[in-house]
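Enquirer: Pasting my_file_30.cif below, which is mmCIF, C-alpha atoms.
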```
data_protein
#
loop_
_atom_site.label_atom_id
_atom_site.label_comp_id
_atom_site.auth_asym_id
_atom_site.auth_seq_id
_atom_site.Cartn_x
_atom_site.Cartn_y
_atom_site.Cartn_z
CA MET A 1 0.00 0.00 0.00
CA SER A 2 2.68 2.43 0.99
CA SER A 3 4.71 1.93 -2.18
CA LYS A 4 1.81 3.36 -4.16
CA LEU A 5 1.87 6.70 -2.34
CA SER A 6 3.55 9.57 -4.13
CA LEU A 7 6.86 10.73 -2.64
CA TYR A 8 5.27 13.98 -1.57
CA LYS A 9 2.47 12.13 0.18
CA GLU A 10 5.04 9.89 1.85
CA PHE A 11 6.49 12.97 3.47
CA THR A 12 3.33 14.83 4.40
CA LYS A 13 1.36 11.91 5.81
CA GLY A 14 3.36 12.07 9.02
CA ILE A 15 2.47 15.68 9.66
CA TRP A 16 -1.28 15.38 9.55
CA GLU A 17 -2.95 12.16 8.41
CA GLN A 18 -0.78 9.89 10.52
CA ASN A 19 0.51 12.38 13.05
CA THR A 20 2.17 10.27 15.72
CA THR A 21 0.74 12.24 18.63
CA PHE A 22 -2.79 13.10 17.54
CA LYS A 23 -3.61 10.26 15.16
CA GLN A 24 -1.40 7.28 15.99
CA ILE A 25 -1.19 8.20 19.68
CA LEU A 26 2.32 6.80 19.94
CA GLY A 27 5.19 7.91 22.15
CA MET A 28 2.91 9.52 24.71
CA CYS A 29 5.35 9.36 27.60
CA PRO A 30 7.76 12.06 26.33
CA VAL A 31 4.84 14.00 24.86
CA LEU A 32 3.21 14.34 28.25
CA ALA A 33 6.37 14.69 30.30
CA VAL A 34 8.57 17.20 28.49
CA THR A 35 6.08 19.66 27.03
CA VAL A 36 6.29 21.97 30.03
CA SER A 37 7.66 24.67 27.75
CA ALA A 38 7.96 25.24 24.02
CA ILE A 39 11.76 25.05 24.06
CA ASN A 40 11.69 21.66 25.77
CA GLY A 41 9.20 20.40 23.20
CA LEU A 42 11.39 21.69 20.39
CA ALA A 43 14.55 20.07 21.75
CA MET A 44 12.81 16.78 22.40
CA ALA A 45 11.27 16.74 18.92
CA LEU A 46 14.59 17.55 17.24
CA ALA A 47 16.34 14.78 19.17
CA THR A 48 13.58 12.32 18.27
CA THR A 49 13.69 13.35 14.60
CA PHE A 50 17.46 12.95 14.43
CA VAL A 51 17.27 9.45 15.86
CA LEU A 52 14.28 8.54 13.69
CA VAL A 53 15.85 9.73 10.44
CA PHE A 54 19.23 8.10 10.95
CA SER A 55 17.87 4.80 12.27
CA SER A 56 15.42 4.65 9.38
CA ILE A 57 18.20 5.16 6.84
CA ILE A 58 20.44 2.55 8.43
CA VAL A 59 17.63 0.03 8.87
CA ALA A 60 16.52 0.53 5.27
CA ILE A 61 20.10 -0.09 4.10
CA VAL A 62 20.77 -3.21 6.12
CA LYS A 63 17.23 -4.67 6.18
CA LYS A 64 18.15 -7.60 3.92
CA LEU A 65 21.14 -8.61 6.06
CA ILE A 66 19.24 -8.83 9.33
CA PRO A 67 17.70 -12.24 10.05
CA ASP A 68 14.02 -11.99 10.93
CA GLN A 69 14.41 -13.54 14.36
CA VAL A 70 16.71 -10.84 15.68
CA ARG A 71 15.37 -7.83 13.81
CA ILE A 72 13.93 -6.11 16.89
CA ALA A 73 17.21 -6.56 18.75
CA ALA A 74 19.10 -5.18 15.79
CA TYR A 75 16.76 -2.18 15.50
CA ILE A 76 17.13 -1.43 19.19
CA LEU A 77 20.92 -1.58 18.89
CA ILE A 78 20.89 0.85 15.99
CA ILE A 79 18.41 3.18 17.69
CA ALA A 80 20.31 3.09 20.97
CA THR A 81 23.51 4.07 19.20
CA PHE A 82 21.96 7.22 17.80
CA VAL A 83 20.20 8.05 21.06
CA THR A 84 23.49 7.81 22.92
CA ILE A 85 25.08 10.10 20.35
CA VAL A 86 22.32 12.67 20.86
CA ASP A 87 22.61 12.36 24.62
CA MET A 88 26.37 12.88 24.66
CA VAL A 89 26.32 15.76 22.19
CA MET A 90 23.54 17.45 24.13
CA LYS A 91 25.33 17.05 27.44
CA ALA A 92 28.52 18.44 25.96
CA SER A 93 27.05 21.36 24.04
CA TYR A 94 23.73 22.24 25.68
CA PRO A 95 24.05 21.25 29.34
CA ASP A 96 21.07 23.32 30.50
CA LEU A 97 18.72 21.84 27.95
CA SER A 98 19.93 18.34 28.66
CA LYS A 99 19.33 18.94 32.35
CA SER A 100 15.76 20.07 31.83
CA LEU A 101 14.97 17.10 29.59
CA GLY A 102 16.55 14.77 32.12
CA PRO A 103 16.05 11.05 31.54
CA TYR A 104 13.74 11.55 28.57
CA ILE A 105 16.59 11.76 26.08
CA PRO A 106 17.97 8.28 26.92
CA LEU A 107 14.37 7.06 26.96
CA ILE A 108 14.02 7.81 23.24
CA VAL A 109 15.48 4.31 22.81
CA VAL A 110 12.15 2.82 23.78
CA ASN A 111 10.00 5.47 22.11
CA CYS A 112 7.52 3.45 20.09
CA VAL A 113 7.35 6.10 17.37
CA ILE A 114 10.87 5.17 16.34
CA LEU A 115 10.69 1.40 16.74
CA GLY A 116 7.26 1.48 15.11
CA ARG A 117 8.54 3.24 12.00
CA GLN A 118 11.41 0.76 11.65
CA GLU A 119 9.11 -2.23 11.95
CA ALA A 120 6.25 -0.82 9.89
CA PHE A 121 8.11 1.14 7.26
CA ALA A 122 11.90 1.22 7.00
CA SER A 123 12.21 -2.56 7.04
CA LYS A 124 9.95 -2.84 3.98
CA ASN A 125 10.78 0.21 1.89
CA THR A 126 13.64 1.76 -0.04
CA VAL A 127 16.18 4.02 1.63
CA PHE A 128 14.83 7.18 0.05
CA ARG A 129 11.23 6.47 0.95
CA SER A 130 12.24 5.57 4.49
CA PHE A 131 14.11 8.83 4.74
CA LEU A 132 11.09 10.82 3.57
CA ASP A 133 8.81 8.90 5.92
CA ALA A 134 11.14 9.54 8.87
CA VAL A 135 11.48 13.24 8.12
CA GLY A 136 7.70 13.53 7.76
CA MET A 137 7.02 11.71 11.00
CA GLY A 138 9.67 13.82 12.70
CA ALA A 139 7.99 16.96 11.40
CA GLY A 140 4.74 15.67 12.84
CA VAL A 141 6.36 15.13 16.22
CA LEU A 142 7.92 18.60 16.02
CA PHE A 143 4.57 20.18 15.19
CA SER A 144 2.68 18.48 18.00
CA LEU A 145 5.36 18.86 20.69
CA ILE A 146 5.91 22.56 20.01
CA LEU A 147 2.17 23.16 19.90
CA LEU A 148 1.59 21.37 23.21
CA GLY A 149 4.64 22.98 24.80
CA ALA A 150 3.65 26.46 23.65
CA VAL A 151 0.07 26.14 24.88
CA ARG A 152 1.13 24.79 28.25
CA GLU A 153 3.87 27.38 28.64
CA LEU A 154 1.51 30.21 27.65
CA PHE A 155 -1.10 29.34 30.25
CA GLY A 156 1.28 27.89 32.81
CA SER A 157 3.88 30.65 32.89
CA GLY A 158 2.54 33.36 30.57
CA THR A 159 5.45 33.00 28.15
CA ILE A 160 6.31 31.24 24.90
CA PHE A 161 9.96 30.36 24.26
CA GLY A 162 10.75 32.39 27.37
CA ILE A 163 9.23 35.59 25.92
CA GLN A 164 6.49 37.04 28.06
CA LEU A 165 3.26 37.31 26.14
CA LEU A 166 0.55 37.60 28.75
CA PRO A 167 0.35 40.76 30.89
CA ASP A 168 1.72 40.80 34.42
CA PHE A 169 -1.66 40.68 36.13
CA TYR A 170 -2.32 37.28 34.59
CA GLU A 171 -2.00 34.70 37.33
CA PRO A 172 -0.27 31.65 35.76
CA MET A 173 -2.37 28.50 35.88
CA LEU A 174 -0.12 26.19 37.79
CA VAL A 175 -2.01 23.11 36.72
CA MET A 176 -0.86 23.59 33.13
CA ILE A 177 2.76 22.81 33.92
CA LEU A 178 1.83 19.93 36.19
CA PRO A 179 1.20 16.47 34.70
CA ALA A 180 -2.57 17.05 34.89
CA GLY A 181 -2.17 20.01 32.53
CA ALA A 182 -0.48 17.75 30.01
CA PHE A 183 -3.47 15.44 29.92
CA ILE A 184 -5.96 18.30 29.75
CA THR A 185 -4.11 20.02 26.90
CA LEU A 186 -3.57 16.80 25.01
CA GLY A 187 -7.22 15.83 25.33
CA LEU A 188 -8.50 19.21 24.15
CA MET A 189 -6.01 19.24 21.25
CA MET A 190 -7.00 15.76 20.18
CA GLY A 191 -10.65 16.76 20.31
CA LEU A 192 -9.91 19.83 18.24
CA PHE A 193 -7.99 17.89 15.61
CA ASN A 194 -10.64 15.21 15.40
CA GLN A 195 -13.23 17.94 14.97
CA ILE A 196 -11.23 19.44 12.12
CA ALA A 197 -10.77 16.05 10.49
CA LEU A 198 -14.46 15.31 10.93
CA SER A 199 -15.64 18.58 9.39
CA ASN A 200 -13.22 18.03 6.50
CA LYS A 201 -14.75 14.65 5.92
CA GLU A 202 -18.23 16.14 6.14
CA LYS A 203 -17.33 18.73 3.53
CA GLN A 204 -15.99 16.03 1.28
CA ARG A 205 -19.17 14.03 1.71
CA LYS A 206 -21.36 17.00 0.89
CA LYS A 207 -19.32 17.67 -2.20
CA THR A 208 -19.75 14.14 -3.41
CA ILE A 209 -23.47 14.27 -2.74
CA GLU A 210 -23.79 17.56 -4.59
CA LYS A 211 -21.86 16.20 -7.50
CA TYR A 212 -24.04 13.15 -7.51
CA LEU A 213 -27.22 15.19 -7.29
CA SER A 214 -26.20 17.57 -10.05
CA THR A 215 -25.53 14.66 -12.38
CA LYS A 216 -28.85 13.16 -11.36
CA ASN A 217 -30.67 16.46 -11.85
CA SER A 218 -29.30 16.82 -15.31
CA ILE A 219 -31.16 13.70 -16.29
CA ASN A 220 -34.22 14.88 -14.32
CA ASP A 221 -34.39 12.22 -11.69
CA PRO A 222 -34.22 13.88 -8.21
CA VAL A 223 -33.33 11.55 -5.41
CA GLY A 224 -33.73 12.56 -1.77
CA VAL A 225 -30.72 11.74 0.38
CA MET B 1 22.46 -23.78 12.56
CA ARG B 2 23.25 -21.38 9.75
CA THR B 3 20.62 -18.92 10.93
CA ILE B 4 22.06 -18.98 14.42
CA ILE B 5 25.51 -18.14 13.14
CA ARG B 6 24.05 -15.43 10.95
CA MET B 7 22.10 -13.97 13.86
CA LEU B 8 25.20 -13.91 16.01
CA ALA B 9 27.32 -12.44 13.24
CA VAL B 10 24.87 -9.64 12.40
CA LEU B 11 24.33 -8.60 15.99
CA THR B 12 28.04 -8.73 16.71
CA ILE B 13 28.89 -6.59 13.70
CA ILE B 14 26.24 -4.00 14.59
CA GLY B 15 27.46 -3.98 18.18
CA VAL B 16 31.09 -3.51 17.20
CA ILE B 17 30.34 -0.68 14.76
CA SER B 18 28.08 1.04 17.28
CA GLY B 19 30.66 0.67 20.04
CA GLY B 20 33.42 2.07 17.87
CA LEU B 21 31.32 5.05 16.85
CA LEU B 22 30.23 5.80 20.38
CA SER B 23 33.74 5.61 21.81
CA GLN B 24 34.91 8.16 19.25
CA ILE B 25 32.13 10.56 20.22
CA SER B 26 32.74 9.90 23.88
CA ILE B 27 36.38 10.92 23.48
CA TRP B 28 35.17 14.24 22.11
CA SER B 29 32.36 14.85 24.60
CA LYS B 30 33.84 13.60 27.86
CA PRO B 31 36.20 16.52 28.61
CA LYS B 32 33.43 18.97 27.70
CA ILE B 33 30.94 17.35 30.04
CA ALA B 34 33.53 17.25 32.82
CA ALA B 35 34.32 20.93 32.24
CA HIS B 36 30.63 21.85 32.53
CA ARG B 37 30.32 19.96 35.78
CA GLU B 38 33.44 21.55 37.20
CA LEU B 39 32.32 25.03 36.23
CA GLU B 40 28.96 24.41 37.84
CA THR B 41 30.60 23.25 41.06
CA LYS B 42 32.98 26.18 41.06
CA ASN B 43 30.20 28.72 40.54
CA ALA B 44 28.18 27.13 43.30
CA ILE B 45 31.11 27.20 45.74
CA PHE B 46 31.81 30.88 45.21
CA GLN B 47 28.11 31.60 45.40
CA VAL B 48 27.74 30.08 48.85
CA LEU B 49 31.06 31.48 50.12
CA PRO B 50 31.32 34.83 48.33
CA GLU B 51 34.58 35.86 50.04
CA GLY B 52 36.32 32.72 48.83
CA LYS B 53 39.04 33.07 46.24
CA SER B 54 40.35 29.53 45.94
CA PHE B 55 39.40 26.06 47.06
CA THR B 56 40.77 22.58 47.36
CA LYS B 57 38.84 19.36 47.20
CA MET B 58 38.95 16.87 50.03
CA GLU B 59 37.97 13.32 49.20
CA THR B 60 36.52 11.59 52.21
CA ALA B 61 34.63 8.37 52.61
CA ASN B 62 31.12 9.77 52.82
CA LEU B 63 31.24 13.36 51.55
CA GLU B 64 33.04 15.58 49.11
CA VAL B 65 34.24 18.61 51.03
CA TYR B 66 35.68 21.73 49.46
CA SER B 67 37.85 23.85 51.75
CA VAL B 68 37.57 27.46 50.69
CA PHE B 69 40.32 30.04 51.26
CA ASP B 70 40.42 33.83 50.94
CA ASP B 71 43.14 35.82 49.09
CA SER B 72 45.67 35.42 51.90
CA GLY B 73 45.22 31.67 51.90
CA LYS B 74 43.35 31.58 55.18
CA LEU B 75 40.65 28.96 55.57
CA ILE B 76 37.29 30.73 55.70
CA GLY B 77 34.93 27.80 55.47
CA TYR B 78 33.73 24.71 53.74
CA ALA B 79 31.47 24.20 50.76
CA VAL B 80 29.78 20.84 50.84
CA PRO B 81 27.45 19.25 48.31
CA PHE B 82 24.65 17.68 50.32
CA GLU B 83 22.17 15.26 48.89
CA GLY B 84 18.92 13.84 50.20
CA ASN B 85 15.29 13.10 49.53
CA GLY B 86 12.82 15.87 48.86
CA PHE B 87 9.10 15.66 48.25
CA GLN B 88 9.34 13.68 45.01
CA GLY B 89 12.98 12.89 44.42
CA LYS B 90 16.55 13.77 45.17
CA ILE B 91 17.55 17.28 46.14
CA ARG B 92 21.20 18.09 45.60
CA MET B 93 22.59 21.34 46.95
CA MET B 94 25.77 23.17 47.75
CA ALA B 95 25.96 24.52 51.28
CA GLY B 96 28.55 26.96 52.56
CA LEU B 97 29.62 26.70 56.19
CA THR B 98 32.00 28.71 58.33
CA SER B 99 35.20 26.93 59.35
CA ASP B 100 33.82 26.19 62.85
CA LEU B 101 30.66 24.76 61.26
CA ASP B 102 28.49 26.96 63.48
CA LYS B 103 27.02 29.16 60.78
CA VAL B 104 25.70 28.68 57.28
CA THR B 105 27.10 31.20 54.81
CA GLY B 106 24.90 30.35 51.87
CA LEU B 107 22.90 27.74 50.04
CA GLN B 108 22.39 26.91 46.43
CA VAL B 109 20.15 24.11 45.23
CA LEU B 110 21.80 22.35 42.29
CA GLU B 111 19.25 19.72 41.38
CA GLN B 112 15.68 19.08 42.40
CA VAL B 113 12.48 17.59 41.02
CA GLU B 114 9.95 19.22 43.36
CA THR B 115 6.42 20.18 42.31
CA PRO B 116 6.64 23.04 39.79
CA GLY B 117 5.38 26.30 41.26
CA LEU B 118 5.28 25.04 44.85
CA GLY B 119 8.30 22.99 45.87
CA THR B 120 10.45 24.61 43.21
CA LYS B 121 10.26 27.82 45.21
CA ILE B 122 13.25 26.45 47.10
CA VAL B 123 15.23 27.61 44.06
CA GLU B 124 13.04 29.78 41.86
CA ASP B 125 11.04 32.93 42.34
CA PRO B 126 13.67 35.42 41.17
CA SER B 127 11.31 38.30 41.96
CA GLN B 128 12.15 37.83 45.62
CA LYS B 129 15.88 37.41 45.21
CA GLU B 130 16.62 40.52 47.27
CA ASP B 131 14.10 39.64 49.95
CA PRO B 132 15.85 38.31 53.08
CA TYR B 133 12.92 35.95 53.59
CA TRP B 134 13.34 34.39 50.15
CA PHE B 135 14.00 30.77 50.98
CA PRO B 136 17.69 30.31 50.03
CA ASN B 137 18.52 33.74 51.45
CA GLN B 138 17.22 32.69 54.85
CA PHE B 139 20.12 30.28 55.16
CA LYS B 140 22.64 33.10 55.13
CA GLU B 141 23.96 33.60 58.66
CA VAL B 142 21.69 30.96 60.11
CA GLU B 143 23.13 29.19 63.13
CA THR B 144 23.51 25.45 63.14
CA GLN B 145 23.61 24.97 66.92
CA PRO B 146 21.80 22.95 68.17
CA MET B 147 20.24 22.33 64.77
CA ILE B 148 18.40 24.26 62.07
CA GLY B 149 14.66 24.34 62.72
CA VAL B 150 11.57 25.16 60.69
CA VAL B 151 8.73 27.51 61.65
CA LYS B 152 5.49 27.94 59.76
CA ASN B 153 3.53 31.09 58.91
CA GLN B 154 5.60 33.41 61.07
CA LYS B 155 8.91 35.18 60.88
CA PRO B 156 11.63 33.17 62.59
CA VAL B 157 12.53 34.41 66.08
CA ASN B 158 15.47 32.19 66.90
CA LYS B 159 18.69 32.52 64.99
CA TYR B 160 18.59 28.89 64.02
CA ASP B 161 15.10 28.92 62.52
CA ILE B 162 13.97 29.00 58.90
CA GLN B 163 10.52 30.02 57.75
CA ALA B 164 8.93 27.33 55.58
CA ILE B 165 7.55 28.26 52.17
CA THR B 166 3.75 28.43 52.16
CA GLY B 167 2.47 25.48 50.16
CA ALA B 168 5.83 23.75 50.18
CA THR B 169 6.35 22.80 53.79
CA ILE B 170 7.60 19.34 52.93
CA SER B 171 10.19 20.62 50.48
CA SER B 172 11.33 23.27 52.97
CA LYS B 173 11.61 20.73 55.74
CA ALA B 174 13.45 18.35 53.43
CA VAL B 175 16.09 20.97 52.66
CA VAL B 176 16.57 21.73 56.34
CA GLN B 177 16.75 18.06 57.21
CA ILE B 178 19.34 17.36 54.53
CA MET B 179 21.37 20.27 55.89
CA ASN B 180 21.14 19.03 59.46
CA GLN B 181 22.14 15.51 58.54
CA GLY B 182 25.06 16.72 56.46
CA ILE B 183 26.27 19.05 59.17
CA GLN B 184 26.12 16.23 61.67
CA VAL B 185 28.39 14.12 59.48
CA LEU B 186 30.77 17.06 59.14
CA ARG B 187 30.83 17.61 62.90
CA LYS B 188 31.68 13.99 63.44
CA MET B 189 34.51 14.27 60.96
CA ASP B 190 35.66 17.43 62.66
CA ALA B 191 35.65 15.72 66.06
CA GLU B 192 37.76 12.92 64.66
CA GLY B 193 40.21 15.50 63.37
CA LYS B 194 39.71 14.47 59.75
CA LEU B 195 38.38 17.81 58.59
CA ASN B 196 41.14 20.14 59.75
CA ASN B 197 43.93 17.78 58.87
CA ALA B 198 42.71 17.38 55.35
CA GLY B 199 42.11 21.11 55.07
CA GLY B 200 45.65 21.89 56.11
CA GLU B 201 47.20 19.77 53.43
CA LYS B 202 46.33 22.16 50.64
#
```
Let me see the structure of the file written as structure tokens.
Expert:
Amino acid sequence: MSSKLSLYKEFTKGIWEQNTTFKQILGMCPVLAVTVSAINGLAMALATTFVLVFSSIIVAIVKKLIPDQVRIAAYILIIATFVTIVDMVMKASYPDLSKSLGPYIPLIVVNCVILGRQEAFASKNTVFRSFLDAVGMGAGVLFSLILLGAVRELFGSGTIFGIQLLPDFYEPMLVMILPAGAFITLGLMMGLFNQIALSNKEKQRKKTIEKYLSTKNSINDPVGV
Amino acid sequence: MRTIIRMLAVLTIIGVISGGLLSQISIWSKPKIAAHRELETKNAIFQVLPEGKSFTKMETANLEVYSVFDDSGKLIGYAVPFEGNGFQGKIRMMAGLTSDLDKVTGLQVLEQVETPGLGTKIVEDPSQKEDPYWFPNQFKEVETQPMIGVVKNQKPVNKYDIQAITGATISSKAVVQIMNQGIQVLRKMDAEGKLNNAGGEK
């Protein structure tokens, strides 16, 4: 099925149609835990994307060499290598960021977004397609993590990316930066996105009906729907 | 049999390549990470003992102790990283103590995972940084004899009391308790003569 998609579609499906957070609901642990602020969401998403892209490329290259019985172990080894690279580079170059993300960077190893893409996509597709798929999925993660982080930061501390946006008299809603706020925001977002998807579908349906009716009308045979 | 050998071979090769790659990156990143940690420690030491100009590290069995000296090389106190349990997880902090261990000169919390907005007031709330009743500031000049105590909802009367943060009593108490425990260990070391001897080695 996937090999029939156009290359462009292969890339964009991860951002909206199969968005890992809002549609596939994968990798929820980092999504809920690190989105206290927009910058944390951004860093986490970039780290995840890096690991996703490189593991996908490597897995797509070596997929024929790996025996089926040990493929998960092999994927985990490859993923863990890239996660450790990210962790070390982050600790060396951005110590503050690495501190605020804490154990969630090493935990990317077991993020099911990444393992899921290897198992479901990179192990069955060409290198280039896997690369596009990984970048698209990464973009989807980036989009959802920044959105969640920004919303929570805005209401929880009155800032976005550390820049104060809400006036001083606004009393920050503490709950938004607590775990409960993560669930509330995520739930509302998911509802919103489902609503958008639903109304899109509805529009599409109406269009088809209209088209159908207009062709029917032209031959003078009205049908009530 | 052939599949088993192939499985072993593939995993081994991946492992070796990954190990080689990681060791190269580790060679690059290790000194940088160590430098960050050292800088952090150094900043914290001079923050809690502002008159300090130089320090030496004392390795002891149960605690790292930094002896801090002023420009003339006189011992003015100790900076000690204390660690203990807070409300949700570990609190790690740097405490400055006078050389007789009877007074706290300053406190800086290095790591904590307290409740955001409540327990985190043990470090945050920069708006009150100048306020003497801002939590870390209260530790300046506080006496450690007989031990540091906690009072609630009132300004401390005794010189060894700290006012707990409203809404974060447990975190406040945890910090004080970690301090008390650490100071006790230091006193014991002092009584055994370990502290001064090690400090004099320089």
Enquirer: Pick from A:Leu42, A:Leu26, A:Ile196, A:Leu178: nearest to Glu114 in chain B, with all atoms listed in the file counted?
Expert: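 Ranked by minimum distance to Glu114 in chain B, first place goes to A:Leu178.
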Enquirer: Separation of CA of Gln164 in chain A and CA of Leu148 in chain A, in Å?
Expert: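 CA of Leu148 in chain A lies at a distance of 17.1 Å from CA of Gln164 in chain A.
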Enquirer: Using all atoms listed in the file, I'd like every residue of chain A that has an atom within 9 Å of chain B; please write them out as a PyMOL selection string.
Expert: chain A and resi 65-70+73-74+77-78+80-82+84-85+88-89+91-93+95+174+177-178
Enquirer: Need to verify the contact set: Ser100 in chain A, 12 Å, all atoms listed in the file, exclusion of same-chain residues closer than 2 positions in sequence. Can you return it as a list in words?
Expert: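 Within the cut-off, the hits are Ala33, Val34, Thr35, Val36, Ser37, Ile39, Asn40, Gly41, Ala43, Met44, Met90, Lys91, Tyr94, Pro95, Asp96, Leu97, Ser98, Gly102, Pro103, Tyr104 and Ile105 of chain A; Glu111, Gln112 and Val113 of chain B.
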Enquirer: Quick check, in Å to one decimal: how far apart do CA of Gln145 in chain B and CA of Ser99 in chain B lie?
Expert: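 One can read the CA of Gln145 in chain B to CA of Ser99 in chain B distance as 14.0 Å.
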Enquirer: One decimal, in Å: what's the spacing between CA of Tyr78 in chain B and CA of Thr144 in chain B?
Expert: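 Separation between CA of Tyr78 in chain B and CA of Thr144 in chain B: 13.9 Å.
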Enquirer: Going by the chain IDs and residue numbers used in this file, which residues fall under the PyMOL selection byres ((chain B and resi 96) around 7)? Write them as a list of chain:residue names.
Expert: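 Checked against the file, the PyMOL selection byres ((chain B and resi 96) around 7) matches B:Val48, B:Leu49, B:Tyr78, B:Ala79, B:Val80, B:Met94, B:Ala95, B:Leu97, B:Thr98, B:Val104, B:Thr105, B:Gly106, B:Leu107.
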Enquirer: Care to translate the PyMOL selection byres ((chain A and resi 12) around 10) into actual residues of this file, as a PDB file with C-alpha atoms, keeping the file's coordinate frame?
Expert:
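Okay, this is what ended up in result.pdb:
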```
ATOM      1  CA  LEU A   7       6.860  10.730  -2.640  1.00  0.00           C
ATOM      2  CA  TYR A   8       5.270  13.980  -1.570  1.00  0.00           C
ATOM      3  CA  LYS A   9       2.470  12.130   0.180  1.00  0.00           C
ATOM      4  CA  GLU A  10       5.040   9.890   1.850  1.00  0.00           C
ATOM      5  CA  PHE A  11       6.490  12.970   3.470  1.00  0.00           C
ATOM      6  CA  LYS A  13       1.360  11.910   5.810  1.00  0.00           C
ATOM      7  CA  GLY A  14       3.360  12.070   9.020  1.00  0.00           C
ATOM      8  CA  ILE A  15       2.470  15.680   9.660  1.00  0.00           C
ATOM      9  CA  TRP A  16      -1.280  15.380   9.550  1.00  0.00           C
ATOM     10  CA  GLU A  17      -2.950  12.160   8.410  1.00  0.00           C
ATOM     11  CA  GLN A  18      -0.780   9.890  10.520  1.00  0.00           C
ATOM     12  CA  ASN A  19       0.510  12.380  13.050  1.00  0.00           C
ATOM     13  CA  LEU A 132      11.090  10.820   3.570  1.00  0.00           C
ATOM     14  CA  ASP A 133       8.810   8.900   5.920  1.00  0.00           C
ATOM     15  CA  VAL A 135      11.480  13.240   8.120  1.00  0.00           C
ATOM     16  CA  GLY A 136       7.700  13.530   7.760  1.00  0.00           C
ATOM     17  CA  MET A 137       7.020  11.710  11.000  1.00  0.00           C
ATOM     18  CA  ALA A 139       7.990  16.960  11.400  1.00  0.00           C
ATOM     19  CA  GLY A 140       4.740  15.670  12.840  1.00  0.00           C
TER      20      GLY A 140
END
```
Enquirer: Please evaluate the PyMOL selection byres ((chain A and resi 157) around 12) against the structure above and give the resulting residues as a ChimeraX atom specification.
Expert: /A:36-38,149-156,158-178 /B:116-117
Enquirer: Output C-alpha atoms for every residue in that selection, as an mmCIF file, in the coordinates of the input.
Expert:
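See again_9.cif below for the written result:
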```
data_model
loop_
_atom_site.group_PDB
_atom_site.id
_atom_site.type_symbol
_atom_site.label_atom_id
_atom_site.label_comp_id
_atom_site.auth_asym_id
_atom_site.auth_seq_id
_atom_site.Cartn_x
_atom_site.Cartn_y
_atom_site.Cartn_z
ATOM 1 C CA VAL A 36 6.290 21.970 30.030
ATOM 2 C CA SER A 37 7.660 24.670 27.750
ATOM 3 C CA ALA A 38 7.960 25.240 24.020
ATOM 4 C CA GLY A 149 4.640 22.980 24.800
ATOM 5 C CA ALA A 150 3.650 26.460 23.650
ATOM 6 C CA VAL A 151 0.070 26.140 24.880
ATOM 7 C CA ARG A 152 1.130 24.790 28.250
ATOM 8 C CA GLU A 153 3.870 27.380 28.640
ATOM 9 C CA LEU A 154 1.510 30.210 27.650
ATOM 10 C CA PHE A 155 -1.100 29.340 30.250
ATOM 11 C CA GLY A 156 1.280 27.890 32.810
ATOM 12 C CA GLY A 158 2.540 33.360 30.570
ATOM 13 C CA THR A 159 5.450 33.000 28.150
ATOM 14 C CA ILE A 160 6.310 31.240 24.900
ATOM 15 C CA PHE A 161 9.960 30.360 24.260
ATOM 16 C CA GLY A 162 10.750 32.390 27.370
ATOM 17 C CA ILE A 163 9.230 35.590 25.920
ATOM 18 C CA GLN A 164 6.490 37.040 28.060
ATOM 19 C CA LEU A 165 3.260 37.310 26.140
ATOM 20 C CA LEU A 166 0.550 37.600 28.750
ATOM 21 C CA PRO A 167 0.350 40.760 30.890
ATOM 22 C CA ASP A 168 1.720 40.800 34.420
ATOM 23 C CA PHE A 169 -1.660 40.680 36.130
ATOM 24 C CA TYR A 170 -2.320 37.280 34.590
ATOM 25 C CA GLU A 171 -2.000 34.700 37.330
ATOM 26 C CA PRO A 172 -0.270 31.650 35.760
ATOM 27 C CA MET A 173 -2.370 28.500 35.880
ATOM 28 C CA LEU A 174 -0.120 26.190 37.790
ATOM 29 C CA VAL A 175 -2.010 23.110 36.720
ATOM 30 C CA MET A 176 -0.860 23.590 33.130
ATOM 31 C CA ILE A 177 2.760 22.810 33.920
ATOM 32 C CA LEU A 178 1.830 19.930 36.190
ATOM 33 C CA PRO B 116 6.640 23.040 39.790
ATOM 34 C CA GLY B 117 5.380 26.300 41.260
#
```
Enquirer: Could you give me the axis-aligned bounding box of range 111-122 of chain B, with 4 Å of padding per side, as centre plus edge lengths in Å to one decimal, as lines of an AutoDock Vina configuration file?
Expert:
```
center_x = 12.3
center_y = 22.7
center_z = 43.4
size_x = 22.0
size_y = 18.2
size_z = 15.3
```
Enquirer: Using all atoms listed in the file, collect all residues at a distance of at most 12 Å from (8.5, 0.0, 6.4) as written in the file, then present them as a VMD selection string.
Expert: chain A and resid 1 to 3 10 56 to 57 59 to 61 63 114 to 134
